[in-house]
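A.B. asks: Got a file for you: input35.cif, mmCIF, C-alpha atoms.
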data_data
loop_
_atom_site.label_atom_id
_atom_site.label_comp_id
_atom_site.auth_asym_id
_atom_site.auth_seq_id
_atom_site.Cartn_x
_atom_site.Cartn_y
_atom_site.Cartn_z
CA VAL A 81 62.84 2.06 185.18
CA THR A 82 62.23 3.12 188.76
CA LEU A 83 63.91 6.24 190.18
CA THR A 84 63.77 8.12 193.47
CA ALA A 85 61.35 11.06 193.38
CA GLY A 86 63.67 13.91 194.29
CA SER A 87 64.81 14.09 197.90
CA CYS A 88 62.05 11.90 199.36
CA SER A 89 61.89 8.12 199.48
CA SER A 90 59.03 7.83 196.98
CA ARG A 91 59.66 6.17 193.63
CA ILE A 92 58.59 7.13 190.10
CA SER A 93 58.57 4.85 187.05
CA PHE A 94 59.83 6.02 183.66
CA ASN A 95 59.87 4.45 180.22
CA VAL A 96 63.27 4.49 178.55
CA PRO A 97 62.90 4.24 174.75
CA LYS A 98 66.02 2.19 174.04
CA ALA A 99 68.34 -0.05 176.01
CA HIS A 100 70.37 -3.16 175.31
CA SER A 101 71.56 -6.17 177.19
CA GLN A 102 74.00 -8.45 175.44
CA GLY A 103 76.68 -10.79 176.53
CA ILE A 104 78.15 -14.20 176.49
CA GLU A 105 77.37 -17.19 178.65
CA ALA A 106 79.31 -20.42 178.90
CA GLU A 107 78.66 -23.62 180.79
CA LEU A 108 80.69 -26.79 181.19
CA SER A 109 79.51 -29.98 182.88
CA LEU A 110 81.65 -33.05 183.52
CA HIS A 111 81.02 -36.52 184.89
CA PRO A 112 84.66 -37.60 185.47
CA LEU A 113 83.97 -40.49 187.87
CA PRO A 114 80.96 -42.58 188.80
CA GLY A 115 78.87 -40.53 191.24
CA LEU A 116 80.81 -37.28 190.68
CA ASP A 117 79.31 -34.38 188.73
CA LEU A 118 81.16 -31.09 188.19
CA SER A 119 79.83 -27.95 186.55
CA VAL A 120 80.97 -24.39 186.04
CA ASN A 121 79.23 -21.51 184.29
CA GLY A 122 79.77 -17.83 183.81
CA THR A 123 78.35 -14.77 182.10
CA LEU A 124 79.72 -11.44 180.96
CA THR A 125 77.00 -8.89 180.27
CA SER A 126 76.87 -5.40 178.81
CA SER A 127 73.53 -3.75 179.56
CA GLU A 128 73.10 -0.01 179.11
CA PHE A 129 70.61 2.65 178.17
CA ASP A 130 70.81 3.52 174.46
CA SER A 131 68.84 6.73 174.85
CA THR A 132 68.62 9.71 177.19
CA VAL A 133 65.30 10.66 178.81
CA VAL A 134 64.56 14.38 178.98
CA SER A 135 61.76 16.12 180.88
CA ASP A 136 60.70 19.78 180.91
CA ASP A 137 63.37 20.32 183.60
CA GLY A 138 66.17 18.75 181.54
CA ILE A 139 67.85 15.34 181.55
CA ILE A 140 66.45 12.98 184.16
CA PRO A 141 69.34 11.90 186.43
CA GLY A 142 70.58 8.41 185.63
CA LEU A 143 68.56 8.05 182.44
CA VAL A 144 71.48 8.91 180.18
CA LYS A 145 72.74 6.99 177.17
CA GLY A 146 75.61 4.73 178.28
CA THR A 147 74.47 4.38 181.92
CA ARG A 148 74.39 0.78 183.16
CA LEU A 149 70.98 -0.79 183.62
CA PRO A 150 70.12 -1.23 187.29
CA THR A 151 70.57 -4.54 189.12
CA VAL A 152 72.56 -6.15 186.26
CA PRO A 153 76.09 -7.20 187.19
CA LYS A 154 78.75 -7.20 184.47
CA SER A 155 79.88 -10.68 185.51
CA GLN A 156 78.56 -13.74 187.30
CA MET A 157 79.89 -17.25 187.76
CA ALA A 158 79.05 -20.44 189.59
CA ALA A 159 80.71 -23.81 190.16
CA THR A 160 79.25 -26.97 191.67
CA ALA A 161 80.61 -30.35 192.67
CA ALA A 162 78.16 -33.10 193.60
CA TYR A 163 79.07 -36.59 194.76
CA GLU A 164 76.75 -39.54 195.38
CA THR A 165 77.85 -42.95 196.66
CA PRO A 166 76.01 -45.91 198.17
CA VAL A 167 76.44 -46.42 201.93
CA SER A 168 74.10 -49.44 202.14
CA ASP A 169 71.73 -51.41 199.93
CA THR A 170 68.97 -48.84 200.54
CA ALA A 171 70.83 -45.56 201.17
CA ASP A 172 73.12 -43.19 199.28
CA LEU A 173 75.37 -40.47 200.70
CA LEU A 174 75.00 -37.12 198.91
CA LEU A 175 77.64 -34.37 199.17
CA THR A 176 77.43 -31.04 197.36
CA ALA A 177 79.63 -27.96 197.33
CA SER A 178 78.86 -24.84 195.33
CA PHE A 179 80.43 -21.43 194.81
CA GLN A 180 78.65 -18.43 193.30
CA HIS A 181 80.05 -14.99 192.49
CA ILE A 182 77.87 -11.98 191.58
CA GLY A 183 79.60 -8.85 190.28
CA SER A 184 78.96 -5.29 191.41
CA ARG A 185 75.82 -3.47 190.32
CA TYR A 186 73.61 -0.49 191.06
CA THR A 187 70.10 -0.54 192.51
CA GLN A 188 68.94 2.46 190.48
CA PRO A 189 70.38 4.17 187.39
CA ASP A 190 70.90 7.52 189.15
CA ASP A 191 73.07 5.81 191.80
CA GLN A 192 75.86 6.05 189.20
CA ASP A 193 75.74 9.88 189.08
CA ASP A 194 78.32 11.58 191.33
CA ASN A 195 79.12 8.33 193.12
CA PRO A 196 80.27 7.99 195.89
CA ARG A 197 78.13 10.71 197.40
CA THR A 198 78.74 12.87 200.44
CA PHE A 199 75.72 13.70 202.57
CA LEU A 200 76.22 16.67 204.93
CA HIS A 201 74.40 16.64 208.27
CA PRO A 202 72.54 19.91 208.90
CA TYR A 203 71.17 18.62 212.20
CA ILE A 204 72.50 17.57 215.58
CA ILE A 205 73.29 13.87 215.30
CA ASN A 206 74.64 11.96 218.30
CA GLY A 207 75.45 15.26 220.00
CA MET A 208 77.40 16.64 217.00
CA ALA A 209 76.09 19.79 215.36
CA GLY A 210 76.17 19.65 211.58
CA LEU A 211 76.18 23.43 211.05
CA LEU A 212 78.98 25.96 211.13
CA PRO A 213 78.46 29.23 213.14
CA SER A 214 77.58 30.82 209.77
CA GLY A 215 74.64 28.38 209.41
CA ASP A 216 76.25 26.54 206.48
CA PRO A 217 76.60 22.74 206.60
CA ASP A 218 79.85 21.65 208.26
CA PRO A 219 81.71 19.46 205.72
CA SER A 220 83.47 17.64 208.57
CA VAL A 221 80.13 16.24 209.73
CA ALA A 222 79.16 14.14 206.74
CA THR A 223 78.52 10.61 205.62
CA VAL A 224 80.08 9.27 202.43
CA VAL A 225 78.09 6.49 200.76
CA ASP A 226 79.20 4.39 197.81
CA LEU A 227 75.93 3.52 196.07
CA LYS A 228 77.52 0.77 193.99
CA LEU A 229 76.52 -2.56 195.50
CA PRO A 230 79.74 -4.52 195.92
CA ALA A 231 80.41 -7.87 194.33
CA TYR A 232 79.87 -10.83 196.61
CA SER A 233 80.45 -14.56 196.70
CA LEU A 234 78.56 -17.40 198.34
CA VAL A 235 79.77 -20.86 199.33
CA ASN A 236 77.24 -23.59 200.08
CA LEU A 237 77.99 -27.04 201.48
CA SER A 238 75.42 -29.75 201.99
CA ALA A 239 75.36 -33.39 202.96
CA GLY A 240 72.53 -35.85 203.14
CA ILE A 241 71.46 -39.44 203.01
CA GLU A 242 68.87 -40.58 200.52
CA PHE A 243 66.92 -43.67 201.59
CA ASP A 244 65.15 -46.01 199.22
CA LEU A 245 62.14 -47.04 201.25
CA ASP A 246 59.30 -49.03 199.83
CA LEU A 247 56.61 -48.12 202.34
CA LEU A 248 53.83 -49.99 200.53
CA ALA A 249 55.77 -53.26 200.66
CA ARG A 250 56.55 -52.74 204.34
CA PHE A 251 52.96 -51.81 205.12
CA ALA A 252 51.64 -54.90 203.28
CA HIS A 253 54.17 -57.11 205.11
CA PHE A 254 52.77 -56.11 208.53
CA HIS A 255 49.13 -56.98 207.63
#
Would you write out, as structure tokens, the structure that this file holds?
C.D. replies:
Amino acid sequence: VTLTAGSCSSRISFNVPKAHSQGIEAELSLHPLPGLDLSVNGTLTSSEFDSTVVSDDGIIPGLVKGTRLPTVPKSQMAATAAYETPVSDTADLLLTASFQHIGSRYTQPDDQDDNPRTFLHPYIINGMAGLLPSGDPDPSVATVVDLKLPAYSLVNLSAGIEFDLDLLARFAHFH
């Protein structure tokens, strides 16, 4: 597992003794009409650390039993419809539509700790001072970041024409 090395942008790799990833996956494909293919699939996944990693300084943030494994969404699904029909003796029209949904996930295990996070600005940013007259960070000058990557969906549409060309026969015909 890769984690951020403290407050800098460097990364450190750790071995986690136990983790699990289990789930269910289903897929259904249909061919209801000549030239039409439909398919849908989906997964539900549970993937978590089954152990806590401890260093000399205590528990390593994010590496706690029960924390979700990074980059693994709890759910995913996809659906596709593809249609092919002849438009001439040597060409077929191809149409495809697909939909894909990827559930929310975290980039790193420690992104789940104290999320969303508030980052105070102790510097002057865009002309705004981030410090109170006492020298303490001004809580009104802060950025709140939700480190959970949101779920997203994609839609793809494509169309094409597939030609059946026999180039060798055509080449031989011209000689």
A.B. asks: Do you have the atom CA of A:Gly122-atom CA of A:Thr82 distance handy?
C.D. replies: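 Those two atoms sit 27.8 Å apart.
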A.B. asks: Expanded to explicit residues, what is the PyMOL selection byres ((chain A and resi 107-121) around 10) for this file, as a list in words?
C.D. replies: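 Against this file, the PyMOL selection byres ((chain A and resi 107-121) around 10) returns the residues Glu105, Ala106, Gly122, Thr123, Gln156, Met157, Ala158, Ala159, Thr160, Ala161, Ala162, Tyr163, Glu164, Thr165, Pro166, Leu174, Leu175, Thr176, Ala177, Ser178, Phe179 and Gln180 of chain A.
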A.B. asks: Could you write out as a PyMOL selection string the residues that the PyMOL selection byres ((chain A and resi 230) around 9) matches in the shown file?
C.D. replies: chain A and resi 182-186+227-229+231-232
A.B. asks: Using all atoms listed in the file, can you tell me which of A:Arg197, A:Lys154, A:His100, A:His181 comes closest to A:Val225?
C.D. replies: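 Ranked by minimum distance to A:Val225, first place goes to A:Arg197.
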A.B. asks: Apply the PyMOL selection byres ((chain A and resi 240) around 6) to the structure shown and report the selected residues as JSON, numbers by chain.
C.D. replies: {"A": [173, 174, 239, 241]}
A.B. asks: Can you pull out every residue within 9 Å of A:Val134, counting all atoms listed in the file, but drop anything in the same chain fewer than 3 positions away, and send it as a compact mmCIF listing (two decimals) with C-alpha atoms, in the coordinates of the input?
C.D. replies:
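Now in out.txt:
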# COMPACT_ATOMS: atom_id res chain seq x y z
CA ASP A 137 63.37 20.32 183.60
CA GLY A 138 66.17 18.75 181.54
CA ILE A 139 67.85 15.34 181.55
CA ILE A 140 66.45 12.98 184.16
CA LEU A 143 68.56 8.05 182.44
CA VAL A 144 71.48 8.91 180.18
A.B. asks: Can you pull out every residue within 7 Å of A:Ser131, counting all atoms listed in the file, but drop anything in the same chain fewer than 2 positions away, and send it as a PyMOL selection string?
C.D. replies: chain A and resi 97-99+129+133+144-145
A.B. asks: Taking all atoms listed in the file into account, which of A:Ser135, A:Gln102, A:Gln188, A:Ser214 comes nearest A:Thr151?
C.D. replies: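 Of A:Ser135, A:Gln102, A:Gln188, A:Ser214, the one nearest A:Thr151, counting all atoms listed in the file, is A:Gln188.
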